[in-house]
file run23.cif (mmCIF, C-alpha atoms)
data_entry
loop_
_atom_site.label_atom_id
_atom_site.label_comp_id
_atom_site.auth_asym_id
_atom_site.auth_seq_id
_atom_site.Cartn_x
_atom_site.Cartn_y
_atom_site.Cartn_z
CA MET A 21 -68.30 -2.98 181.35
CA ILE A 22 -69.53 -6.40 182.47
CA GLN A 23 -73.04 -5.39 181.48
CA SER A 24 -71.91 -4.34 178.00
CA THR A 25 -70.00 -7.58 177.59
CA LEU A 26 -73.04 -9.63 178.57
CA ILE A 27 -75.30 -7.71 176.18
CA MET A 28 -72.86 -8.21 173.30
CA LEU A 29 -72.34 -11.89 174.06
CA GLY A 30 -76.12 -12.29 174.27
CA ILE A 31 -76.58 -10.69 170.83
CA ALA A 32 -73.80 -12.83 169.37
CA LEU A 33 -75.35 -15.98 170.82
CA ALA A 34 -78.84 -15.08 169.56
CA MET A 35 -77.48 -14.44 166.06
CA TRP A 36 -75.52 -17.67 166.12
CA ILE A 37 -78.61 -19.66 167.16
CA TYR A 38 -80.64 -17.97 164.41
CA ALA A 39 -77.93 -18.75 161.87
CA ARG A 40 -77.85 -22.38 163.00
CA ARG A 41 -81.58 -22.73 162.62
CA ARG A 42 -81.36 -21.63 159.01
CA GLY A 43 -79.56 -24.91 158.48
CA ASP A 44 -77.50 -23.58 155.59
CA ASP A 45 -74.07 -23.60 157.18
CA SER A 46 -74.30 -19.84 157.84
CA ALA A 47 -73.47 -20.24 161.54
CA ARG A 48 -70.14 -21.85 160.77
CA ARG A 49 -69.41 -19.42 157.92
CA GLY A 50 -70.31 -16.41 160.09
CA VAL A 51 -67.97 -17.48 162.90
CA ASN A 52 -65.32 -18.11 160.29
CA VAL A 53 -65.71 -14.65 158.72
CA GLY A 54 -65.44 -13.09 162.20
CA TRP A 55 -62.33 -15.16 162.95
CA GLN A 56 -60.69 -14.24 159.63
CA THR A 57 -61.42 -10.55 160.26
CA LEU A 58 -59.90 -10.85 163.72
CA LYS A 59 -56.76 -12.53 162.37
CA ARG A 60 -56.40 -9.91 159.65
CA THR A 61 -56.80 -7.01 162.06
CA LEU A 62 -54.87 -8.37 165.03
CA LEU A 63 -51.67 -6.50 164.15
CA LEU A 64 -53.58 -3.23 163.76
CA LEU A 65 -55.36 -3.82 167.07
CA LEU A 66 -52.06 -4.40 168.87
CA ILE A 67 -50.62 -1.24 167.34
CA ALA A 68 -53.72 0.77 168.20
CA PHE A 69 -53.59 -0.32 171.82
CA ALA A 70 -49.86 0.41 172.03
CA ILE A 71 -50.76 3.97 170.98
CA VAL A 72 -53.53 4.02 173.59
CA GLY A 73 -51.03 2.91 176.26
CA TYR A 74 -48.60 5.69 175.34
CA VAL A 75 -51.34 8.31 175.21
CA GLU A 76 -52.16 7.30 178.75
CA VAL A 77 -48.63 7.32 180.19
CA LEU A 78 -47.70 10.52 178.42
CA ALA A 79 -50.97 11.94 179.79
CA PRO A 80 -51.23 14.89 177.47
CA GLN A 81 -54.30 16.05 179.39
CA ASP A 82 -53.43 19.75 179.31
CA LEU A 83 -52.76 19.55 175.60
CA VAL A 84 -55.94 17.57 174.88
CA ARG A 85 -58.02 19.84 177.07
CA SER A 86 -56.79 23.04 175.51
CA TRP A 87 -57.37 21.79 171.94
CA ILE A 88 -60.51 19.71 172.22
CA GLY A 89 -61.54 20.00 175.89
CA PRO A 90 -65.08 20.52 177.16
CA ASP A 91 -64.63 24.31 176.97
CA SER A 92 -63.14 24.41 173.50
CA GLY A 93 -66.52 25.23 171.92
CA LEU A 94 -66.87 25.59 168.17
CA ARG A 95 -63.09 25.61 167.75
CA GLY A 96 -62.83 22.21 169.46
CA VAL A 97 -65.62 20.83 167.29
CA LEU A 98 -63.84 22.03 164.14
CA ILE A 99 -60.50 20.58 165.29
CA GLY A 100 -62.28 17.30 166.08
CA THR A 101 -63.81 17.32 162.60
CA VAL A 102 -60.46 17.81 160.86
CA ALA A 103 -58.80 15.20 163.09
CA GLY A 104 -61.56 12.71 162.26
CA MET A 105 -61.02 13.21 158.53
CA LEU A 106 -57.33 12.41 158.92
CA LEU A 107 -57.63 9.35 161.20
CA PRO A 108 -56.45 6.28 159.30
CA GLY A 109 -57.72 2.73 159.58
CA GLY A 110 -60.84 0.77 160.43
CA PRO A 111 -63.07 0.96 163.51
CA TYR A 112 -60.81 -1.27 165.63
CA VAL A 113 -57.97 1.24 165.21
CA VAL A 114 -59.87 4.49 165.38
CA PHE A 115 -62.29 3.81 168.23
CA PRO A 116 -59.65 2.89 170.87
CA LEU A 117 -57.73 6.07 170.01
CA ILE A 118 -60.79 8.29 170.28
CA ALA A 119 -61.73 6.55 173.56
CA ALA A 120 -58.24 7.27 174.92
CA LEU A 121 -58.53 10.96 173.96
CA TYR A 122 -61.97 11.12 175.58
CA GLN A 123 -60.60 9.62 178.80
CA ASN A 124 -57.75 12.10 178.72
CA GLY A 125 -59.81 15.24 178.71
CA ALA A 126 -61.50 15.61 175.31
CA GLY A 127 -65.00 17.11 175.53
CA LEU A 128 -68.13 15.28 174.43
CA GLY A 129 -68.78 17.68 171.53
CA PRO A 130 -65.33 17.38 169.91
CA THR A 131 -65.33 13.61 170.57
CA LEU A 132 -68.67 13.14 168.81
CA ALA A 133 -67.47 15.39 165.98
CA MET A 134 -64.35 13.25 165.60
CA ILE A 135 -66.26 9.95 165.46
CA THR A 136 -68.81 11.32 163.01
CA SER A 137 -66.21 12.97 160.83
CA TRP A 138 -64.13 9.78 160.65
CA ALA A 139 -67.28 7.83 159.77
CA ALA A 140 -68.56 10.21 157.11
CA LEU A 141 -65.55 12.10 155.78
CA ALA A 142 -62.42 9.97 156.27
CA LEU A 143 -60.10 10.92 153.44
CA LEU A 144 -58.75 7.39 153.14
CA THR A 145 -62.28 6.17 152.40
CA VAL A 146 -62.81 8.89 149.81
CA SER A 147 -59.93 7.37 147.86
CA PHE A 148 -62.16 4.30 147.38
CA GLU A 149 -65.11 6.47 146.42
CA LEU A 150 -63.39 8.35 143.60
CA PRO A 151 -62.88 5.48 141.15
CA PHE A 152 -66.45 4.21 141.53
CA LEU A 153 -68.51 7.38 141.80
CA GLY A 154 -66.21 10.12 140.51
CA TRP A 155 -64.95 13.39 141.97
CA ARG A 156 -68.17 15.27 141.23
CA PHE A 157 -70.13 12.90 143.45
CA SER A 158 -67.47 12.92 146.18
CA LEU A 159 -67.32 16.70 146.25
CA LEU A 160 -71.07 16.93 146.49
CA ARG A 161 -71.39 14.28 149.19
CA LEU A 162 -68.51 15.71 151.22
CA SER A 163 -69.93 19.23 151.12
CA LEU A 164 -73.23 17.91 152.49
CA GLY A 165 -71.47 15.52 154.87
CA LEU A 166 -69.38 18.28 156.39
CA PHE A 167 -72.50 19.42 158.24
CA ALA A 168 -72.76 16.11 160.10
CA PRO A 169 -69.77 16.27 162.48
CA ILE A 170 -70.17 19.99 163.10
CA LEU A 171 -73.88 19.63 163.83
CA VAL A 172 -73.39 16.59 166.06
CA GLY A 173 -70.42 18.18 167.80
CA LEU A 174 -72.28 21.38 168.56
CA LEU A 175 -75.28 19.37 169.73
CA GLY A 176 -73.05 17.37 172.09
CA TRP A 177 -71.40 20.54 173.33
CA LEU A 178 -74.64 22.43 173.95
CA ALA A 179 -76.82 19.57 175.20
CA PHE A 180 -74.27 18.08 177.56
CA THR A 181 -72.06 21.15 178.13
CA GLY A 182 -68.91 19.32 177.26
CA MET B 12 -61.36 -3.86 157.15
CA LYS B 13 -57.86 -3.84 155.77
CA ARG B 14 -56.15 -6.12 153.35
CA ARG B 15 -53.36 -8.45 154.41
CA GLY B 16 -49.78 -7.29 154.84
CA PRO B 17 -48.30 -4.09 156.19
CA ASP B 18 -50.06 -1.49 154.07
CA ARG B 19 -49.49 2.24 154.37
CA THR B 20 -51.89 2.64 157.28
CA THR B 21 -50.07 -0.02 159.29
CA LEU B 22 -46.68 1.51 158.55
CA PHE B 23 -47.95 4.97 159.49
CA LEU B 24 -49.38 3.67 162.77
CA ILE B 25 -46.13 1.85 163.56
CA ALA B 26 -44.32 5.15 163.02
CA VAL B 27 -46.75 6.78 165.47
CA VAL B 28 -46.01 4.10 168.08
CA ILE B 29 -42.26 4.58 167.65
CA THR B 30 -42.60 8.36 167.96
CA LEU B 31 -44.68 8.05 171.12
CA ALA B 32 -42.26 5.51 172.59
CA GLY B 33 -39.45 7.98 171.81
CA LEU B 34 -41.31 10.74 173.61
CA ALA B 35 -41.84 8.46 176.63
CA TRP B 36 -38.13 7.57 176.62
CA LEU B 37 -37.12 11.24 176.47
CA ARG B 38 -39.38 12.10 179.35
CA ASP B 39 -38.67 9.30 181.81
CA GLY B 40 -36.32 6.79 180.24
CA PHE B 41 -36.88 3.13 179.52
CA PRO B 42 -39.36 2.36 182.35
CA LEU B 43 -41.95 4.68 180.81
CA VAL B 44 -41.51 2.98 177.43
CA VAL B 45 -42.41 -0.31 179.12
CA ASP B 46 -45.26 1.30 181.09
CA GLY B 47 -46.88 2.49 177.88
CA LEU B 48 -46.80 -0.95 176.32
CA SER B 49 -48.03 -2.74 179.43
CA GLY B 50 -50.77 -0.14 179.91
CA GLY B 51 -51.93 -0.68 176.35
CA ALA B 52 -51.81 -4.45 176.81
CA SER B 53 -53.96 -4.32 179.93
CA GLU B 54 -56.48 -2.05 178.19
CA LEU B 55 -56.63 -4.50 175.32
CA LEU B 56 -57.11 -7.44 177.68
CA GLN B 57 -59.98 -5.62 179.36
CA VAL B 58 -61.91 -5.21 176.12
CA THR B 59 -60.97 -8.62 174.70
CA PRO B 60 -64.25 -10.40 175.60
CA LEU B 61 -66.21 -7.47 174.14
CA LEU B 62 -64.06 -7.46 171.02
CA LEU B 63 -64.50 -11.19 170.49
CA ALA B 64 -68.26 -10.73 170.68
CA ALA B 65 -67.99 -7.78 168.27
CA PHE B 66 -66.04 -9.79 165.69
CA LEU B 67 -68.51 -12.65 166.04
CA ILE B 68 -71.52 -10.36 165.52
CA ALA B 69 -69.88 -8.62 162.56
CA GLY B 70 -69.01 -11.97 160.97
CA LEU B 71 -72.51 -13.40 161.41
CA THR B 72 -74.09 -10.19 160.06
CA GLN B 73 -71.96 -10.45 156.93
CA VAL B 74 -73.14 -13.97 156.29
CA LEU B 75 -76.79 -13.40 157.17
CA ILE B 76 -77.26 -10.32 154.97
CA SER B 77 -76.72 -10.99 151.32
CA ARG B 78 -75.20 -8.27 149.16
CA ASP B 79 -77.04 -9.44 146.06
CA VAL B 80 -80.40 -8.95 147.72
CA ILE B 81 -79.56 -5.38 148.72
CA GLU B 82 -78.21 -4.60 145.28
CA ARG B 83 -81.30 -6.00 143.52
CA TRP B 84 -83.52 -4.24 146.01
CA LEU B 85 -82.06 -0.82 145.29
CA GLY B 86 -81.53 -1.01 141.55
CA SER B 87 -83.10 1.99 139.78
CA GLN B 88 -85.02 3.16 142.83
CA SER B 89 -85.83 6.84 143.08
CA GLY B 90 -87.93 9.34 144.99
CA TRP B 91 -88.79 9.21 148.67
CA ARG B 92 -89.27 5.48 148.75
CA GLY B 93 -85.95 4.93 147.03
CA ILE B 94 -84.14 7.21 149.44
CA LEU B 95 -85.57 5.45 152.49
CA LEU B 96 -84.79 2.02 151.05
CA ALA B 97 -81.28 3.20 150.26
CA CYS B 98 -80.85 4.29 153.88
CA LEU B 99 -81.92 0.86 155.05
CA GLY B 100 -79.69 -0.87 152.52
CA GLY B 101 -76.70 1.30 153.47
CA ALA B 102 -77.23 0.59 157.16
CA LEU B 103 -77.41 -3.16 156.60
CA ILE B 104 -74.74 -3.69 153.97
CA PRO B 105 -71.70 -5.39 155.49
CA GLY B 106 -68.05 -4.84 154.59
CA GLY B 107 -65.56 -2.03 154.14
CA PRO B 108 -65.32 0.68 151.48
CA TYR B 109 -63.96 -1.72 148.87
CA VAL B 110 -67.22 -3.64 149.17
CA TYR B 111 -69.90 -0.94 149.25
CA TYR B 112 -68.37 1.52 146.78
CA PRO B 113 -68.35 -1.02 143.94
CA ILE B 114 -72.01 -1.68 144.78
CA ALA B 115 -72.75 2.05 144.80
CA GLY B 116 -70.97 2.25 141.45
CA SER B 117 -73.13 -0.47 139.98
CA LEU B 118 -76.24 1.26 141.36
CA LEU B 119 -75.14 4.43 139.60
CA HIS B 120 -74.74 2.54 136.32
CA SER B 121 -78.09 0.83 136.67
CA GLY B 122 -79.79 4.21 136.88
CA ALA B 123 -80.16 5.08 140.58
CA GLY B 124 -80.82 8.74 141.36
CA LEU B 125 -78.39 11.05 143.15
CA GLY B 126 -80.51 11.11 146.31
CA VAL B 127 -80.50 7.31 146.45
CA LEU B 128 -76.71 7.16 146.12
CA VAL B 129 -76.04 9.87 148.70
CA ALA B 130 -78.50 8.25 151.11
CA PHE B 131 -76.88 4.83 150.58
CA VAL B 132 -73.33 6.04 151.25
CA SER B 133 -74.38 8.31 154.14
CA ALA B 134 -76.36 5.54 155.82
CA LYS B 135 -73.40 3.17 155.47
CA ASN B 136 -71.22 5.85 157.06
CA LEU B 137 -73.54 6.89 159.86
CA TRP B 138 -75.87 3.99 160.57
CA SER B 139 -73.64 1.00 159.79
CA VAL B 140 -74.98 -2.06 161.60
CA THR B 141 -71.74 -4.02 161.18
CA ARG B 142 -69.71 -1.21 162.80
CA LEU B 143 -72.11 -0.85 165.71
CA PRO B 144 -70.64 -3.74 167.75
CA TYR B 145 -67.12 -2.30 167.50
CA GLU B 146 -68.32 1.17 168.45
CA PHE B 147 -70.22 -0.25 171.40
CA ALA B 148 -67.28 -2.38 172.54
CA LEU B 149 -64.56 0.23 172.17
CA LEU B 150 -66.27 3.57 172.84
CA GLY B 151 -68.86 2.40 175.34
CA PRO B 152 -72.66 2.49 175.33
CA ARG B 153 -73.02 6.19 176.20
CA LEU B 154 -70.97 7.68 173.35
CA THR B 155 -72.41 5.14 170.92
CA LEU B 156 -75.99 5.87 171.87
CA ILE B 157 -75.60 9.65 171.70
CA ARG B 158 -73.74 9.39 168.39
CA TYR B 159 -76.34 7.17 166.71
CA ALA B 160 -79.21 9.26 168.09
CA ALA B 161 -77.62 12.53 166.98
CA THR B 162 -77.01 11.33 163.42
CA PHE B 163 -80.25 9.35 163.10
CA LEU B 164 -82.03 11.76 160.76
CA LEU B 165 -79.05 12.74 158.65
CA PRO B 166 -78.89 10.04 155.93
CA PRO B 167 -82.46 10.60 154.66
CA ILE B 168 -82.03 14.39 154.99
CA PHE B 169 -78.79 14.26 152.99
CA GLY B 170 -80.48 12.10 150.36
CA VAL B 171 -83.44 14.43 149.99
CA ALA B 172 -81.22 17.53 150.02
CA ALA B 173 -78.88 16.10 147.40
CA GLU B 174 -81.80 15.16 145.16
CA ALA B 175 -83.47 18.54 145.55
CA LEU B 176 -80.35 20.65 145.12
CA PHE B 177 -78.24 18.70 142.64
CA GLY B 178 -80.48 15.89 141.39
CA SER B 179 -80.24 17.07 137.80
CA ARG B 180 -76.46 16.58 137.77
CA ILE B 181 -76.71 12.81 138.03
CA GLU B 182 -76.41 12.38 134.26
CA SER B 183 -73.13 14.30 134.10
CA ILE B 184 -71.82 12.24 137.04
CA ARG B 185 -72.78 9.05 135.20
CA GLU B 186 -71.29 10.18 131.89
CA ALA B 187 -68.01 11.29 133.48
CA LEU B 188 -67.40 7.72 134.62
CA GLN B 189 -67.92 6.07 131.28
#

call {"tool": "encode", "arguments": {"input": "run23.cif", "output": "structure tokens"}}
result
Amino acid sequence: MIQSTLIMLGIALAMWIYARRRGDDSARRGVNVGWQTLKRTLLLLLIAFAIVGYVEVLAPQDLVRSWIGPDSGLRGVLIGTVAGMLLPGGPYVVFPLIAALYQNGAGLGPTLAMITSWAALALLTVSFELPFLGWRFSLLRLSLGLFAPILVGLLGWLAFTG
Amino acid sequence: MKRRGPDRTTLFLIAVVITLAGLAWLRDGFPLVVDGLSGGASELLQVTPLLLAAFLIAGLTQVLISRDVIERWLGSQSGWRGILLACLGGALIPGGPYVYYPIAGSLLHSGAGLGVLVAFVSAKNLWSVTRLPYEFALLGPRLTLIRYAATFLLPPIFGVAAEALFGSRIESIREALQ
């Protein structure tokens, strides 16, 4: 945890120094964009972590394990895929929830399937795709994209047995 | 990235919190309701330094990578080269779906091939550089590394597959939108 934090802070600092050296105000603007994003998403973050807190105290480990546990196999990967498609919100909402499920007994395969499926197939995102690229494109991309979470999930399940 | 104000997602998530709090109350009364909230708060506090770094990195990336350059770069690209460039562009382009879909739409209108478009959207979905800091901060290095490694080849494969299998349909996709 401390290591990850240091790595991230190091990257942020390096980027900030690079932006400063460009001398075009991009360092200040970059920090400002980050700050605005944080302000805009703070409510969602608080809500997401309230859900995480309840997932932990309600400890639905048996439930999680039986649906998407390490032994749930292809079924778990498919459930993870469908769950990922339905997850609403940006990364700061979805990732804490998936992390909480993972800590409460979800297997690696279904967890990877869920992340990948949210990233590639989230239905809420498709609603942005339709007006710009049309349903023909969406259908085509989704039918190809459906392979991603299933493939990754099965890979995670087989390679790491869980 | 969401717009300001309680949109549908926010309202839905608030409903989820209330439902979970209700379940906690039914199981163990008010103390468990408080436990859930304080547990969530302490989790959030733990990742706060990481999150601050993540927001900073995402903000700087957005400023340092210009959308215009990527758009100009990918206009009317096709073939292998186009697909690989589209993957790179998709990985680097900052912003949420209401930013990159309009760009994808303008690429479609300026004559990009189907493979290029599929590669662009898939790379944004699977390789996104601006999402990487959040994934790293919130899911941890192990899950993030395995996930990026496992999906590393997919955007170009999807692009090539789309071009090979359905490439000829691009005109009907373009016409349907006009």

call {"tool": "resolve_selection", "arguments": {"input": "run23.cif", "expression": "the PyMOL selection byres ((chain A) within 7 of (chain B))", "output": "MDAnalysis selection string"}}
result
chainID A and resid 25 28:29 32 35 46:47 49:51 53:54 58 60 64 67 69:74 77:78 108:112 115:116 119 132 139:140 145 148:149 152:154 156:157 161 164 172

call {"tool": "axis_aligned_box", "arguments": {"input": "run23.cif", "around": "range 38-49 of chain B", "padding_each_side": "3 Å", "output": "AutoDock Vina command-line options"}}
result
--center_x -42.2 --center_y 4.7 --center_z 179.3 --size_x 17.7 --size_y 20.8 --size_z 12.0

call {"tool": "atom_distance", "arguments": {"input": "run23.cif", "atom1": "CA of Leu156 in chain B", "atom2": "CA of Ala126 in chain A"}}
result
17.8 Å

call {"tool": "atom_distance", "arguments": {"input": "run23.cif", "atom1": "CA of Gln189 in chain B", "atom2": "CA of Ile94 in chain B"}}
result
24.4 Å

call {"tool": "residues_near_point", "arguments": {"input": "run23.cif", "point": "(-64.6, 13.1, 156.4)", "cutoff": "8 Å", "atoms": "all atoms listed in the file", "output": "list of chain:residue names"}}
result
A:Thr101, A:Val102, A:Gly104, A:Met105, A:Leu106, A:Ser137, A:Trp138, A:Ala139, A:Ala140, A:Leu141, A:Ala142, A:Leu143, A:Leu162, A:Gly165, A:Leu166

call {"tool": "resolve_selection", "arguments": {"input": "run23.cif", "expression": "the PyMOL selection byres ((chain A and resi 89) around 12)", "output": "number ranges by chain"}}
result
A: 80-88, 90-97, 99-100, 121-131, 177, 181-182

call {"tool": "atom_distance", "arguments": {"input": "run23.cif", "atom1": "CA of Leu85 in chain B", "atom2": "CA of Ala175 in chain B"}}
result
19.4 Å

call {"tool": "resolve_selection", "arguments": {"input": "run23.cif", "expression": "the PyMOL selection byres ((chain B and resi 90) around 9)", "output": "PyMOL selection string"}}
result
chain B and resi 88-89+91-95+124+126-127+171+174
